[in-house]
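Asks: What follows is a structure written as structure tokens; I'll ask about it next.
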Amino acid sequence: MKWFRRLKNWIINKRKKTPIQIDIKKPIGEVKYFVRGEIAKKLVDMWESIDVKTLGRQKSSDIAWYIKKINQNKERYINASNQVEMSSGKSIPWEVIAVLHAMEGSLNLSKQILNGERWNKKTKLVPKGYGPFKSFEESCLVGLSLKSAPQEWTIQNTLYYMELWNGLGYRRKGKLSPYLWSYSNHQEKGKYVRDHVYDKNAVSLQVGCAILLKEINYLVD
């Protein structure tokens with residue numbers, strides 16, 4: 001029947017659509033009280049007591065490699081931060097951009113902070129359908145527009161923002177996220193080795209956000 005074919009075609013076309021591109025002129029979402037209560041207190045306590053501690057095949061020299069690359073790319077991260085501020089009126093600290101890029105793109109400037117795919121191609125991984133972009137900075141501008149950001153970059157807000165970037169899967173399991181705490185005295189065994197697949201014995205070989213922030217002397221009010 002004609003009505004059935006029309007409905008079928010509508011469903012097929014609906015599924016083919018990619019996400020609407022973000023208007024980069026629209027202000028980034030703000031959450032005045034980004035994180036508070038017991039979660040905020042625990043994040044501050046863990047930050048104040050953090051120290052480098054390796055586990056399994058982790059090596060302290062891995063941290064030095066990350067810091068060297070961040071310093072090499074620093075000007076680009078500052079440029080990306082400035083572009084976000086000019087577009088939205090709010091700035092994402094360059095250190096936050098650098099650390100997220102370390103986690104998602106291994107500090108390779110041909111890759112973006114959304115999910116580590118190349119910024120000059122449309123994303124195929126979650127989030128799908130974004131890009132291609134004209135530059136690394138533009139990919140940061142759009143990527144950082146997808147999530148709400150704190151008004152104040154206190155350490156608890158910064159750490160929680162980064163945890164949200166990766167997802168709250170570990171928190172729901174009652175586990176500390178290696179995305180934050182890998183290579184520190186707070187890390188635990190257990191890691192999502194790919195989307196939705198958790199290995200309780202896996203150890204992350206990515207230096208966690210918190211240690212990277214400490215090593216680049218991230219300062220907050």
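Residues in the structure tokens are numbered from 1 in each chain, the chains being A, B, ... in the order shown, and ligands are numbered from 1 in the order shown.
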What's the 12 Å shell around stretch 118-135 of chain A, counting only C-alpha atoms, without same-chain residues fewer than 2 positions away, as JSON, numbers by chain?
Replies: {"A": [16, 17, 18, 19, 20, 21, 22, 76, 79, 80, 83, 104, 105, 106, 107, 108, 109, 110, 111, 112, 113, 114, 115, 116, 137, 138, 139, 140, 141, 142, 143, 145, 146, 147, 165, 166, 167, 194, 195]}
Asks: May I have the selected residues written with C-alpha atoms, as a compact mmCIF listing (two decimals), in the first residue's frame?
Replies:
```txt
# COMPACT_ATOMS: atom_id res chain seq x y z
CA LYS A 16 20.31 8.21 7.43
CA LYS A 17 20.40 11.68 8.98
CA THR A 18 23.51 12.74 10.86
CA PRO A 19 23.51 14.97 13.94
CA ILE A 20 22.93 18.65 13.28
CA GLN A 21 26.16 20.58 13.46
CA ILE A 22 26.53 22.81 16.50
CA ARG A 76 47.90 25.32 19.63
CA ASN A 79 44.84 29.17 20.32
CA ALA A 80 41.95 26.72 20.70
CA GLN A 83 38.82 30.71 19.84
CA GLU A 104 41.34 11.22 23.21
CA GLY A 105 43.94 11.94 20.54
CA SER A 106 47.27 10.99 22.15
CA LEU A 107 48.40 14.62 21.61
CA ASN A 108 48.46 14.07 17.83
CA LEU A 109 47.33 17.39 16.30
CA SER A 110 45.82 15.59 13.31
CA LYS A 111 43.30 14.07 15.72
CA GLN A 112 40.49 15.75 17.61
CA ILE A 113 39.37 15.77 21.24
CA LEU A 114 35.89 14.43 20.52
CA ASN A 115 36.93 10.82 20.09
CA GLY A 116 40.44 10.69 18.66
CA GLU A 137 41.18 24.46 16.61
CA GLU A 138 37.80 24.36 14.87
CA SER A 139 37.31 20.74 15.92
CA CYS A 140 37.97 21.82 19.53
CA LEU A 141 35.53 24.70 19.20
CA VAL A 142 32.70 22.43 18.08
CA GLY A 143 33.66 19.52 20.34
CA SER A 145 30.33 23.09 22.57
CA LEU A 146 28.70 19.68 22.93
CA LYS A 147 28.92 19.54 26.72
CA TRP A 165 33.72 13.74 29.05
CA ASN A 166 34.60 10.07 29.28
CA GLY A 167 31.29 9.00 30.84
CA ARG A 194 36.29 -0.79 24.24
CA ASP A 195 32.76 0.59 24.16
```
Asks: Applying 10 Å and only C-alpha atoms, which residues near A:Leu180 remain after dropping the ones on its own chain fewer than 2 positions away? List them as a PDB file with C-alpha atoms, in the first residue's frame.
Replies:
```
ATOM      1  CA  MET A 103      43.277  11.186  26.477  1.00  0.00           C
ATOM      2  CA  LEU A 159      37.956  16.798  37.377  1.00  0.00           C
ATOM      3  CA  TYR A 160      34.220  16.160  37.191  1.00  0.00           C
ATOM      4  CA  MET A 162      36.726  15.465  32.533  1.00  0.00           C
ATOM      5  CA  GLU A 163      35.006  12.465  34.075  1.00  0.00           C
ATOM      6  CA  ASN A 166      34.602  10.068  29.282  1.00  0.00           C
ATOM      7  CA  LEU A 176      37.337   5.030  40.296  1.00  0.00           C
ATOM      8  CA  SER A 177      37.813   6.096  36.701  1.00  0.00           C
ATOM      9  CA  PRO A 178      41.256   5.364  35.211  1.00  0.00           C
ATOM     10  CA  SER A 182      45.569   6.194  36.099  1.00  0.00           C
ATOM     11  CA  TYR A 183      49.277   6.347  37.044  1.00  0.00           C
ATOM     12  CA  SER A 184      48.371   7.624  40.518  1.00  0.00           C
ATOM     13  CA  HIS A 186      44.291   6.321  43.595  1.00  0.00           C
ATOM     14  CA  GLN A 187      44.071   4.024  40.572  1.00  0.00           C
ATOM     15  CA  GLN A 206      47.161   6.182  29.436  1.00  0.00           C
ATOM     16  CA  VAL A 207      48.355   8.667  32.027  1.00  0.00           C
ATOM     17  CA  GLY A 208      45.229   9.878  33.837  1.00  0.00           C
ATOM     18  CA  CYS A 209      43.887  13.423  33.702  1.00  0.00           C
ATOM     19  CA  ALA A 210      44.635  14.201  37.350  1.00  0.00           C
ATOM     20  CA  ILE A 211      48.342  13.324  37.128  1.00  0.00           C
ATOM     21  CA  LEU A 212      48.690  15.318  33.899  1.00  0.00           C
ATOM     22  CA  LEU A 213      47.052  18.353  35.505  1.00  0.00           C
TER      23      LEU A 213
END
```
Asks: Give me, as number ranges by chain, the residues of stretch 27-123 of chain A that a backbone DSSP run labels helix (DSSP H, G or I).
Replies: A: 37-48, 60-88, 94-105
Asks: How about saving the chosen residues, C-alpha atoms kept, as a short mmCIF file (atom, residue, chain, number, x, y, z; two decimals), in the first residue's frame?
Replies:
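Output file part_35.cif follows:
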```cif
data_model
loop_
_atom_site.label_atom_id
_atom_site.label_comp_id
_atom_site.auth_asym_id
_atom_site.auth_seq_id
_atom_site.Cartn_x
_atom_site.Cartn_y
_atom_site.Cartn_z
CA GLY A 37 28.32 17.74 48.01
CA GLU A 38 30.16 14.51 48.78
CA ILE A 39 31.35 14.04 45.19
CA ALA A 40 33.01 17.46 45.19
CA LYS A 41 34.60 16.88 48.61
CA LYS A 42 36.01 13.50 47.59
CA LEU A 43 37.48 14.92 44.38
CA VAL A 44 39.24 17.69 46.33
CA ASP A 45 40.54 15.21 48.93
CA MET A 46 41.88 12.89 46.23
CA TRP A 47 43.50 15.79 44.36
CA GLU A 48 45.26 16.98 47.52
CA SER A 60 57.01 6.85 35.10
CA SER A 61 58.77 7.77 31.83
CA ASP A 62 55.35 7.62 30.15
CA ILE A 63 54.36 10.71 32.12
CA ALA A 64 57.44 12.60 30.92
CA TRP A 65 56.52 11.82 27.30
CA TYR A 66 53.01 13.25 27.77
CA ILE A 67 54.30 16.42 29.41
CA LYS A 68 56.90 16.96 26.68
CA LYS A 69 54.22 16.65 23.97
CA ILE A 70 51.84 18.98 25.81
CA ASN A 71 54.56 21.62 26.00
CA GLN A 72 55.35 21.18 22.31
CA ASN A 73 51.68 21.71 21.42
CA LYS A 74 50.99 24.39 24.02
CA GLU A 75 50.57 27.25 21.55
CA ARG A 76 47.90 25.32 19.63
CA TYR A 77 45.98 24.57 22.81
CA ILE A 78 46.11 28.23 23.79
CA ASN A 79 44.84 29.17 20.32
CA ALA A 80 41.95 26.72 20.70
CA SER A 81 41.11 28.16 24.12
CA ASN A 82 41.12 31.69 22.70
CA GLN A 83 38.82 30.71 19.84
CA VAL A 84 36.32 29.20 22.28
CA GLU A 85 36.35 32.40 24.30
CA MET A 86 35.89 34.62 21.25
CA SER A 87 33.00 32.51 20.01
CA SER A 88 31.16 31.85 23.27
CA TRP A 94 44.17 25.52 27.62
CA GLU A 95 45.31 22.92 30.16
CA VAL A 96 41.87 21.27 30.02
CA ILE A 97 42.01 21.15 26.23
CA ALA A 98 45.54 19.71 26.35
CA VAL A 99 44.65 16.96 28.82
CA LEU A 100 41.47 15.96 26.99
CA HIS A 101 43.46 15.82 23.76
CA ALA A 102 46.02 13.61 25.49
CA MET A 103 43.28 11.19 26.48
CA GLU A 104 41.34 11.22 23.21
CA GLY A 105 43.94 11.94 20.54
#
```
Asks: Could you state the separation of atom CA of A:Val203 and atom CA of A:Lys189 in Å, given to one decimal place?
Replies: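 Interatomic distance, atom CA of A:Val203 to atom CA of A:Lys189: 5.4 Å.
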Asks: Rounded to one decimal, what separation in Å do you get between atom CA of A:Ile50 and atom CA of A:Asn185?
Replies: 6.3 Å
Asks: Once DSSP has gone over the backbone, tell me which residues of stretch 90-192 of chain A are in strand (DSSP E or B), as a ChimeraX atom specification.
Replies: /A:111,118,149-150,184,191-192
Asks: Work out how far atom CA of A:Asp199 is from atom CA of A:Arg171, in Å to one decimal.
Replies: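 Pair atom CA of A:Arg171 / atom CA of A:Asp199 returns 15.0 Å.
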Asks: Return the single residue from A:Asn201, A:Lys90, A:Asp51, A:Trp181 that is closest to A:Glu152, with distances computed using only C-alpha atoms.
Replies: A:Lys90
